[in-house]
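Here the structure is laid out as structure tokens; the discussion comes afterwards.
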Amino acid sequence: MKPKIWAKSPKGYVLMIMVAFLGIASYVSHESKGLENALIAVVAAVVADIVCCLFEKRKRIFPDGAVITGVIVSLILSVTSPWYIVASTSVLSILSKHLLAYRKKPVFNPAAIGLLLSVPIFHAQQSWWGAFGDFNALFLLIILVGGYWVAHRIQKFPLVFSYLGAYLIAMFVISVGIVPIGSETLHSGDIFDALRPPFINATLFFALFMLTDPPTSPAKTRDQIIFGMLAAIAGAVVYRLFGGLIYLYIGLLVGNLYQLLRGMIRPQHRAAIRVSE
Amino acid sequence: MAKMNKKWVVLCSAALGAIYAAEYFATEAQALPHNSERSQLSIPSEASSPINSAAPTLPPVNNVAPSSPAESAPTPSSSKKMYNDGSYIGIGSNRRGSIEVTVTIQHDKITDVEISRFAMHYSDRDVVGLPDEVLQKQSAQVDNVSGATYSVRAFEDAVQEALSQAKNA
């Protein structure tokens, strides 16, 4: 693919925005460690992706998706994370893309599953620094502008809106006790925290850039709405029960499982219709 | 494909913004106790008196009831002493949560540090070894645990605040 055409592709758009976020977050925080981590994450992801593609004997090897995964991983992991945790999280993400696949398509969002696994395996701390979680709340506008641009380009607005709507409503319903799900520890699962930086930054970044990943999210409007609602409700319940920062990923994995089941059931359903005809 | 009309995009965005704003302001009431608790605890004052180190449970600092002088009054100290003897509570907080510690001081030495409440959005395993480090170094400054900066900072702030309260005026 020619560079000009690639730059106008959904992956091109996402990568440009992620790199812009990386630059802005590094500049504002006066922190170069984030850039180092990004380089480590991208190199690790690209190498892992090429090795996996060679092993699978793929004809076309173009690790642009791995570059995006690496940048996203580096934007979410704390800038003080050691290099081996950054590299390992990237590799885990890429491995999940190749190993957990159905009909040659990844089942789970690679970055989400890598970051989720990095918590129990490496005790990785995730600061979402690339989502401007430590800065003024006005930086949320940058996420919204970049995210809307991507959502428009890849036609995922129904998914984004259903996710955010269900997320806000689920948080409210759970926090006022309409659904009696409690949290034992103070702050963990507080709706107060969920609506403020860095959590709201993480939620918007997640909804606009990770949830909408084309290979692992549905295309049809109806499926997008169900997918978004499932991910939001599951995430809100996990947040309320356990707090922490992994609730977004678990919600997404629930959505990904729904998408997988839809993909598995549809062909069988169609075959059954053909037989009955 | 799920192409969405611009009008619908604007309408949905406005609806989401309204829900978010409503929930944000509704939770401001919840925010006030958090903030008042934090600000009250961050100012070392005579009101935040030391508590009895032998007490089995530690009441929150902002709810410390006036107790008998024999139990709670600082040990009379000589003018050379840097800290008053007793147990002091400090809280360190940031956008990722808060940590409350109870620091016990005897004869200008930190003799015990206990994490009495861990409310970070991270695992408590990151800071489990830090109380021992404070005892060894006799300082609030501990080695940074790689990748656990927010929890370590909150812990250090909590210990520093407890030490500030203990300081002999």
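We name chains A, B, ... following the order of the structure tokens; residues begin at 1 in each chain, and ligands are numbered from 1 as shown.
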- Item | All residues 10 Å or closer to Arg103 in chain A, only C-alpha atoms, same chain fewer than 3 positions away omitted, as a ChimeraX atom specification | /A:106-107,263-264
- Query: For chain A, which residues have at least one atom within 8 Å of chain B, if we go by only C-alpha atoms? Write them as number ranges by chain, please.
  - Reply: A: 78-82, 123-125, 134, 152, 155-158, 161, 164-165, 168, 172, 185-188, 191-192, 195, 197-198, 219-221, 243-245
- Message: Please determine, counting only C-alpha atoms, which residue among A:Ile226, A:Val51, A:Leu257, A:Leu75 has the shortest atom-to-atom distance to Leu22 in chain A.
- Response: A:Leu75
- Message: Give me, as a VMD selection string, the residues of range 84-265 of chain A that a backbone DSSP run labels alpha helix (DSSP H).
- Response: chain A and resid 84 to 99 110 to 122 140 to 154 157 to 175 191 to 194 199 to 205 221 to 242 247 to 265
Limited to C-alpha atoms, could you put the picked residues into a file as a tab-separated table (two decimals), in the first residue's frame?
chain	number	residue	atom	x	y	z
A	84	TYR	CA	11.05	-5.29	30.34
A	85	ILE	CA	7.46	-4.85	31.55
A	86	VAL	CA	6.72	-2.48	28.67
A	87	ALA	CA	8.26	-4.91	26.15
A	88	SER	CA	6.59	-7.96	27.70
A	89	THR	CA	3.16	-6.30	27.69
A	90	SER	CA	3.58	-5.47	24.01
A	91	VAL	CA	4.62	-9.03	23.21
A	92	LEU	CA	1.68	-10.44	25.21
A	93	SER	CA	-0.67	-8.22	23.22
A	94	ILE	CA	0.70	-9.41	19.89
A	95	LEU	CA	0.71	-13.06	20.97
A	96	SER	CA	-2.96	-12.78	21.91
A	97	LYS	CA	-3.67	-11.38	18.45
A	98	HIS	CA	-2.17	-14.44	16.79
A	99	LEU	CA	-3.03	-17.18	19.28
A	110	PRO	CA	-4.73	-7.10	21.48
A	111	ALA	CA	-3.73	-4.05	23.55
A	112	ALA	CA	-6.59	-4.59	26.03
A	113	ILE	CA	-5.74	-8.22	26.70
A	114	GLY	CA	-2.01	-7.51	26.97
A	115	LEU	CA	-2.61	-4.70	29.43
A	116	LEU	CA	-5.11	-6.79	31.39
A	117	LEU	CA	-2.68	-9.71	31.71
A	118	SER	CA	0.20	-7.40	32.61
A	119	VAL	CA	-1.50	-6.55	35.92
A	120	PRO	CA	-1.53	-10.05	37.49
A	121	ILE	CA	1.63	-11.26	35.72
A	122	PHE	CA	3.96	-8.24	36.05
A	140	LEU	CA	-10.23	15.97	27.61
A	141	LEU	CA	-11.16	18.09	24.60
A	142	ILE	CA	-8.11	16.81	22.73
A	143	ILE	CA	-9.23	13.23	23.34
A	144	LEU	CA	-12.74	14.06	22.18
A	145	VAL	CA	-11.63	15.83	19.01
A	146	GLY	CA	-9.19	13.06	18.03
A	147	GLY	CA	-11.62	10.35	19.03
A	148	TYR	CA	-14.58	11.81	17.13
A	149	TRP	CA	-12.41	12.09	14.05
A	150	VAL	CA	-11.53	8.38	14.27
A	151	ALA	CA	-15.08	7.27	15.14
A	152	HIS	CA	-16.41	9.20	12.16
A	153	ARG	CA	-13.77	7.75	9.84
A	154	ILE	CA	-14.40	4.14	10.87
A	157	PHE	CA	-20.38	6.26	16.55
A	158	PRO	CA	-23.22	3.87	17.54
A	159	LEU	CA	-20.69	1.80	19.47
A	160	VAL	CA	-19.12	4.80	21.19
A	161	PHE	CA	-22.46	6.37	22.14
A	162	SER	CA	-24.06	3.15	23.34
A	163	TYR	CA	-20.97	2.39	25.43
A	164	LEU	CA	-20.72	5.81	27.04
A	165	GLY	CA	-24.48	6.06	27.61
A	166	ALA	CA	-24.73	2.62	29.18
A	167	TYR	CA	-21.58	3.24	31.21
A	168	LEU	CA	-22.88	6.48	32.75
A	169	ILE	CA	-26.31	5.00	33.45
A	170	ALA	CA	-24.87	1.76	34.87
A	171	MET	CA	-22.52	3.70	37.15
A	172	PHE	CA	-25.43	5.77	38.42
A	173	VAL	CA	-27.76	2.79	38.88
A	174	ILE	CA	-25.14	0.82	40.78
A	175	SER	CA	-23.93	3.74	42.89
A	191	ILE	CA	-18.65	6.91	41.06
A	192	PHE	CA	-16.98	10.12	42.24
A	193	ASP	CA	-13.64	8.88	40.95
A	194	ALA	CA	-15.14	7.36	37.81
A	199	PHE	CA	-10.68	7.80	35.16
A	200	ILE	CA	-12.88	9.78	32.80
A	201	ASN	CA	-9.83	10.34	30.58
A	202	ALA	CA	-9.21	6.61	30.55
A	203	THR	CA	-12.86	5.89	29.78
A	204	LEU	CA	-12.99	8.30	26.84
A	205	PHE	CA	-9.65	7.17	25.43
A	221	THR	CA	-25.36	-0.66	13.92
A	222	ARG	CA	-27.44	-3.11	15.95
A	223	ASP	CA	-24.40	-5.21	16.85
A	224	GLN	CA	-22.41	-2.10	17.75
A	225	ILE	CA	-25.13	-0.97	20.17
A	226	ILE	CA	-25.36	-4.37	21.90
A	227	PHE	CA	-21.57	-4.70	21.98
A	228	GLY	CA	-21.16	-1.25	23.54
A	229	MET	CA	-23.85	-1.83	26.14
A	230	LEU	CA	-22.45	-5.21	27.17
A	231	ALA	CA	-18.93	-3.83	27.51
A	232	ALA	CA	-20.16	-0.85	29.54
A	233	ILE	CA	-22.35	-2.79	31.96
A	234	ALA	CA	-19.72	-5.47	32.56
A	235	GLY	CA	-17.07	-2.80	33.10
A	236	ALA	CA	-19.24	-0.81	35.52
A	237	VAL	CA	-20.01	-3.92	37.59
A	238	VAL	CA	-16.33	-4.89	37.77
A	239	TYR	CA	-15.40	-1.31	38.71
A	240	ARG	CA	-17.97	-1.24	41.49
A	241	LEU	CA	-16.92	-4.63	42.84
A	242	PHE	CA	-13.16	-4.36	42.63
A	247	TYR	CA	-12.55	-2.86	34.58
A	248	LEU	CA	-12.47	-1.28	31.13
A	249	TYR	CA	-10.56	-4.21	29.64
A	250	ILE	CA	-12.81	-6.81	31.25
A	251	GLY	CA	-15.83	-5.01	29.84
A	252	LEU	CA	-14.26	-5.05	26.39
A	253	LEU	CA	-13.44	-8.74	26.63
A	254	VAL	CA	-17.10	-9.44	27.40
A	255	GLY	CA	-18.02	-7.48	24.27
A	256	ASN	CA	-15.40	-9.37	22.27
A	257	LEU	CA	-16.85	-12.70	23.47
A	258	TYR	CA	-20.31	-11.58	22.36
A	259	GLN	CA	-18.85	-10.70	18.97
A	260	LEU	CA	-17.17	-14.12	18.76
A	261	LEU	CA	-20.39	-15.95	19.65
A	262	ARG	CA	-22.31	-13.94	17.06
A	263	GLY	CA	-19.73	-14.88	14.47
A	264	MET	CA	-19.93	-18.56	15.42
A	265	ILE	CA	-23.72	-18.75	15.57
- Query: Counting only C-alpha atoms, what is within 8 Å of Leu135 in chain B, bar same-chain residues fewer than 4 positions away, as a list in words?
  - Reply: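 These residues fall inside the cut-off: Ile110, Thr111, Asp112, Val113, Pro131 and Ser139 of chain B.
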Only N, CA and C atoms, please: the residues just picked out, written as a PDB file, in the first residue's frame.
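The resulting result03.pdb:
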ATOM      1  N   ILE B 110      11.224   6.326  64.966  1.00  0.00           N
ATOM      2  CA  ILE B 110      10.013   5.723  64.402  1.00  0.00           C
ATOM      3  C   ILE B 110      10.062   4.243  64.775  1.00  0.00           C
ATOM      4  N   THR B 111       9.142   3.822  65.614  1.00  0.00           N
ATOM      5  CA  THR B 111       9.180   2.432  66.088  1.00  0.00           C
ATOM      6  C   THR B 111       8.168   1.537  65.369  1.00  0.00           C
ATOM      7  N   ASP B 112       7.177   2.156  64.766  1.00  0.00           N
ATOM      8  CA  ASP B 112       6.195   1.326  64.046  1.00  0.00           C
ATOM      9  C   ASP B 112       5.519   2.155  62.945  1.00  0.00           C
ATOM     10  N   VAL B 113       5.329   1.532  61.817  1.00  0.00           N
ATOM     11  CA  VAL B 113       4.569   2.165  60.725  1.00  0.00           C
ATOM     12  C   VAL B 113       3.566   1.141  60.222  1.00  0.00           C
ATOM     13  N   PRO B 131       6.601   0.069  54.874  1.00  0.00           N
ATOM     14  CA  PRO B 131       6.708   0.392  56.309  1.00  0.00           C
ATOM     15  C   PRO B 131       8.045  -0.061  56.916  1.00  0.00           C
ATOM     16  N   SER B 139      13.044   7.476  57.934  1.00  0.00           N
ATOM     17  CA  SER B 139      12.707   8.615  57.084  1.00  0.00           C
ATOM     18  C   SER B 139      11.472   8.279  56.253  1.00  0.00           C
TER      19      SER B 139
END
